[in-house]
file model.txt (compact mmCIF, C-alpha atoms)
# COMPACT_ATOMS: atom_id res chain seq x y z
CA MET Q 1 102.63 141.29 120.29
CA ALA Q 2 101.12 143.82 117.89
CA HIS Q 3 97.63 142.39 118.31
CA ALA Q 4 97.92 142.69 122.09
CA CYS Q 5 99.16 146.28 121.86
CA LEU Q 6 96.46 147.20 119.34
CA SER Q 7 93.74 146.11 121.76
CA PHE Q 8 94.17 149.45 123.55
CA ASN Q 9 93.91 148.04 127.10
CA ASN Q 10 90.43 146.67 126.42
CA ALA Q 11 90.36 143.14 127.88
CA GLU Q 12 87.57 141.85 125.64
CA LEU Q 13 89.22 143.24 122.50
CA LEU Q 14 92.47 141.68 123.67
CA THR Q 15 90.87 138.27 124.13
CA GLY Q 16 89.30 138.31 120.68
CA ASN Q 17 92.45 139.68 119.10
CA MET Q 18 94.59 136.92 120.61
CA ILE Q 19 92.28 133.97 119.86
CA SER Q 20 91.23 135.10 116.38
CA ASP Q 21 93.54 132.77 114.44
CA PHE Q 22 91.90 129.83 116.23
CA VAL Q 23 88.31 130.90 115.49
CA LYS Q 24 87.11 129.84 112.06
CA GLY Q 25 84.32 131.41 110.01
CA LYS Q 26 80.94 131.80 111.69
CA LYS Q 27 82.29 130.53 115.03
CA GLN Q 28 83.04 134.19 115.81
CA PHE Q 29 79.32 134.69 116.40
CA ASP Q 30 79.48 132.30 119.38
CA TYR Q 31 81.34 134.96 121.38
CA PRO Q 32 80.15 137.99 123.37
CA PRO Q 33 80.13 141.28 121.41
CA GLY Q 34 83.41 142.67 122.83
CA ILE Q 35 85.36 139.49 122.11
CA ARG Q 36 83.75 139.19 118.67
CA ALA Q 37 84.88 142.79 118.00
CA GLY Q 38 88.43 141.71 118.91
CA ILE Q 39 88.26 138.76 116.51
CA GLN Q 40 87.10 141.07 113.73
CA LEU Q 41 89.71 143.69 114.67
CA HIS Q 42 92.46 141.08 114.38
CA ARG Q 43 91.34 140.19 110.87
CA ALA Q 44 91.12 143.86 109.84
CA ILE Q 45 94.62 144.52 111.22
CA ASP Q 46 96.00 141.51 109.32
CA GLU Q 47 94.47 142.76 106.07
CA PHE Q 48 95.71 146.33 106.60
CA THR Q 49 99.18 145.05 107.48
CA ASP Q 50 99.42 142.76 104.48
CA LEU Q 51 98.49 145.55 102.05
CA HIS Q 52 100.70 148.26 103.59
CA PRO Q 53 103.60 149.40 101.35
CA ALA Q 54 106.14 148.87 104.17
CA THR Q 55 105.03 145.26 104.57
CA GLN Q 56 105.42 144.69 100.84
CA GLU Q 57 109.04 145.81 101.24
CA VAL Q 58 109.69 143.68 104.33
CA LYS Q 59 108.32 140.63 102.54
CA LYS Q 60 110.91 141.07 99.78
CA TYR Q 61 113.65 140.11 102.25
CA PHE Q 62 111.98 136.80 103.09
CA ARG Q 63 110.21 135.89 99.84
CA PRO Q 64 113.19 134.28 98.01
CA ALA Q 65 113.59 131.69 100.78
CA TYR Q 66 110.00 131.42 102.06
CA ARG Q 67 107.72 132.47 99.22
CA LEU Q 68 104.08 132.61 100.43
CA TYR Q 69 105.18 132.64 104.08
CA ALA Q 70 107.10 135.91 103.71
CA GLY Q 71 104.18 137.76 105.28
CA ALA Q 72 104.27 135.58 108.39
CA PHE Q 73 107.93 136.44 108.90
CA ALA Q 74 107.15 140.13 108.35
CA ASP Q 75 104.57 139.95 111.16
CA VAL Q 76 107.10 138.44 113.55
CA VAL Q 77 109.79 141.04 112.81
CA TYR Q 78 107.25 143.82 113.35
CA ASP Q 79 106.59 142.32 116.79
CA HIS Q 80 110.31 142.56 117.58
CA PHE Q 81 110.51 146.23 116.72
CA LEU Q 82 107.28 146.98 118.57
CA ALA Q 83 108.61 145.30 121.72
CA ASN Q 84 111.65 147.59 121.45
CA ASP Q 85 109.69 150.73 120.47
CA THR Q 86 110.33 153.34 123.15
CA ARG Q 87 107.31 155.34 121.96
CA GLU Q 88 105.11 152.44 123.07
CA PHE Q 89 107.26 151.01 125.90
CA PRO Q 90 109.76 153.56 127.28
CA ASN Q 91 111.83 150.78 128.87
CA PRO Q 92 111.87 147.00 129.31
CA GLY Q 93 110.07 147.40 132.64
CA ALA Q 94 107.10 149.03 130.92
CA LEU Q 95 106.97 146.17 128.44
CA LYS Q 96 107.07 143.64 131.29
CA VAL Q 97 104.13 145.36 133.01
CA PHE Q 98 102.20 145.32 129.74
CA THR Q 99 102.81 141.63 129.07
CA THR Q 100 101.96 140.62 132.65
CA GLU Q 101 98.72 142.61 132.58
CA SER Q 102 97.84 141.11 129.19
CA TYR Q 103 98.25 137.53 130.45
CA THR Q 104 96.18 138.32 133.54
CA ALA Q 105 93.37 139.82 131.46
CA LEU Q 106 93.41 136.78 129.18
CA GLU Q 107 93.43 134.31 132.09
CA VAL Q 108 90.24 135.88 133.47
CA ARG Q 109 88.55 135.15 130.14
CA SER Q 110 90.08 131.71 129.63
CA ARG Q 111 86.62 130.12 129.39
CA TYR Q 112 86.44 131.66 125.91
CA PHE Q 113 89.70 130.11 124.68
CA PRO Q 114 89.43 127.76 121.70
CA GLU Q 115 91.00 124.40 122.51
CA LYS Q 116 94.30 124.97 120.68
CA PHE Q 117 94.79 128.40 122.24
CA ALA Q 118 93.94 126.96 125.66
CA VAL Q 119 96.71 124.38 125.24
CA MET Q 120 99.21 127.02 124.06
CA PHE Q 121 98.41 129.78 126.56
CA PRO Q 122 100.16 128.32 129.65
CA TYR Q 123 103.41 128.14 127.65
CA MET Q 124 102.90 131.64 126.27
CA ARG Q 125 102.45 132.98 129.78
CA SER Q 126 105.13 130.97 131.63
CA GLN Q 127 107.74 131.68 128.94
CA ASP Q 128 106.47 135.25 128.42
CA TRP Q 129 106.43 135.05 124.65
CA LEU Q 130 105.21 138.64 124.28
CA TYR Q 131 108.15 140.02 126.23
CA HIS Q 132 110.72 137.83 124.51
CA TYR Q 133 109.94 139.28 121.09
CA ARG Q 134 112.31 142.08 122.12
CA LEU Q 135 115.32 139.74 122.23
CA ASP Q 136 117.16 138.23 119.26
CA GLU Q 137 116.97 134.80 120.88
CA GLY Q 138 113.23 135.29 121.32
CA MET Q 139 113.02 135.97 117.61
CA ARG Q 140 114.87 132.76 116.81
CA LYS Q 141 112.29 130.87 118.89
CA SER Q 142 109.37 132.74 117.31
CA PHE Q 143 110.62 131.84 113.84
CA GLY Q 144 110.91 128.23 114.99
CA GLY Q 145 107.30 128.40 116.19
CA LEU Q 146 106.25 129.41 112.67
CA ALA Q 147 107.94 126.30 111.29
CA ARG Q 148 106.07 124.08 113.74
CA ARG Q 149 102.71 125.56 112.73
CA ALA Q 150 103.27 125.84 108.97
CA MET Q 151 103.31 122.73 106.84
CA TYR Q 152 105.76 124.00 104.23
CA ILE Q 153 108.45 125.73 106.29
CA ALA Q 154 111.30 123.26 106.65
CA GLU Q 155 113.75 125.48 108.56
CA THR Q 156 113.99 129.02 109.92
CA ASP Q 157 117.74 129.54 110.41
CA THR Q 158 117.74 131.33 107.05
CA ALA Q 159 114.99 133.67 108.22
CA PHE Q 160 116.90 134.46 111.40
CA SER Q 161 120.02 135.27 109.35
CA ILE Q 162 117.95 137.51 107.03
CA PHE Q 163 116.51 139.29 110.07
CA LEU Q 164 119.93 139.92 111.63
CA ALA Q 165 121.53 141.02 108.35
CA ASN Q 166 118.78 143.51 107.50
CA LYS Q 167 117.72 144.73 110.92
CA ALA Q 168 118.35 148.44 110.34
CA GLU Q 169 116.49 148.51 107.03
CA ILE Q 170 113.54 146.53 108.38
CA LYS Q 171 113.35 148.81 111.43
CA GLU Q 172 112.96 151.82 109.13
CA LEU Q 173 110.06 150.05 107.43
CA TYR Q 174 108.51 149.24 110.82
CA ASP Q 175 108.85 152.93 111.77
CA SER Q 176 106.85 153.94 108.70
CA PHE Q 177 104.27 151.21 109.26
CA PHE Q 178 103.36 151.16 112.93
CA PRO Q 179 101.93 154.69 113.31
CA ASP Q 180 99.63 153.94 110.36
CA VAL Q 181 98.36 150.62 111.71
CA LYS Q 182 97.84 152.14 115.17
CA ILE Q 183 95.60 154.89 113.76
CA PHE Q 184 93.73 152.36 111.61
CA ALA Q 185 93.24 149.92 114.49
CA ALA Q 186 92.02 152.62 116.89
CA ARG Q 187 89.38 153.77 114.40
CA LYS Q 188 88.37 150.21 113.54
CA ALA Q 189 88.13 149.21 117.22
CA ALA Q 190 85.91 152.21 117.98
CA GLN Q 191 83.66 151.30 115.03
CA LEU Q 192 83.41 147.61 115.98
CA LEU Q 193 82.65 148.36 119.62
CA THR Q 194 79.68 150.56 118.67
CA GLU Q 195 78.12 148.18 116.11

call {"tool": "encode", "arguments": {"input": "model.txt", "output": "structure tokens"}}
result
Amino acid sequence: MAHACLSFNNAELLTGNMISDFVKGKKQFDYPPGIRAGIQLHRAIDEFTDLHPATQEVKKYFRPAYRLYAGAFADVVYDHFLANDTREFPNPGALKVFTTESYTALEVRSRYFPEKFAVMFPYMRSQDWLYHYRLDEGMRKSFGGLARRAMYIAETDTAFSIFLANKAEIKELYDSFFPDVKIFAARKAAQLLTE
């Protein structure tokens, strides 16, 4: 969700941002400049996010149960609060428009999808994963998705309980984080698009 939002309505940045986790090493250079910029932007956002003081605090909630995967859970909870952030999406209808337009922009560039993303994308679109981050049940499913992709996560019910029990505190951390990452990503995107 955050990577889609931090593509700033640029379809090529969006495509690169969304496929980045499926593009390894020098493979990024196989893509057109705008998509390559999105791949690089995704990686820069991940690094900025991981080092941000708010993220360090969010990870403390998940680290006792999930150790090295605490950061992955932090990313997912940020997506929840972003999907509910009225500064970005004044109402659920605005979020729905955003997610629909994002899927459409991605579909147009589907020839650039790595194989694993190409397999996943129809489910992402038909089940509207980006929109469902706003719902608690969507979060339960997103946590479950982490377990399917990560070798060492056995269960995510604990993570869901941690999320529900600490929602107010984690939202405050999101509120201190997101304006910073948005400024960083806008500057980084502008730089990458002019290189």

call {"tool": "closest_residue", "arguments": {"input": "model.txt", "among": "Q:Val119, Q:Ala105, Q:Leu41, Q:Val77", "to": "Thr15 of chain Q", "atoms": "all atoms listed in the file"}}
result
Q:Ala105

call {"tool": "atom_distance", "arguments": {"input": "model.txt", "atom1": "atom CA of Ile170 of chain Q", "atom2": "atom CA of Ala65 of chain Q"}}
result
16.7 Å

call {"tool": "residues_around", "arguments": {"input": "model.txt", "residues": "Met151 of chain Q", "least_positions_apart": "3", "cutoff": "12 Å", "atoms": "only C-alpha atoms", "output": "tab-separated table (two decimals) with C-alpha atoms, in the coordinates of the input"}}
result
chain	number	residue	atom	x	y	z
Q	66	TYR	CA	110.00	131.42	102.06
Q	68	LEU	CA	104.08	132.61	100.43
Q	69	TYR	CA	105.18	132.64	104.08
Q	145	GLY	CA	107.30	128.40	116.19
Q	146	LEU	CA	106.25	129.41	112.67
Q	147	ALA	CA	107.94	126.30	111.29
Q	148	ARG	CA	106.07	124.08	113.74
Q	154	ALA	CA	111.30	123.26	106.65
Q	155	GLU	CA	113.75	125.48	108.56

call {"tool": "residues_around", "arguments": {"input": "model.txt", "residues": "segment 16-29 of chain Q", "least_positions_apart": "4", "cutoff": "6 Å", "atoms": "all atoms listed in the file", "output": "list of chain:residue names"}}
result
Q:His3, Q:Ile35, Q:Arg36, Q:Gly38, Q:Ile39, Q:His42

call {"tool": "closest_residue", "arguments": {"input": "model.txt", "among": "Q:Lys59, Q:Ser142, Q:Ala37, Q:Ala54", "to": "Gln191 of chain Q", "atoms": "all atoms listed in the file"}}
result
Q:Ala37

call {"tool": "closest_residue", "arguments": {"input": "model.txt", "among": "Q:Thr104, Q:Thr49, Q:Thr86, Q:Gln40", "to": "Val181 of chain Q", "atoms": "all atoms listed in the file"}}
result
Q:Thr49
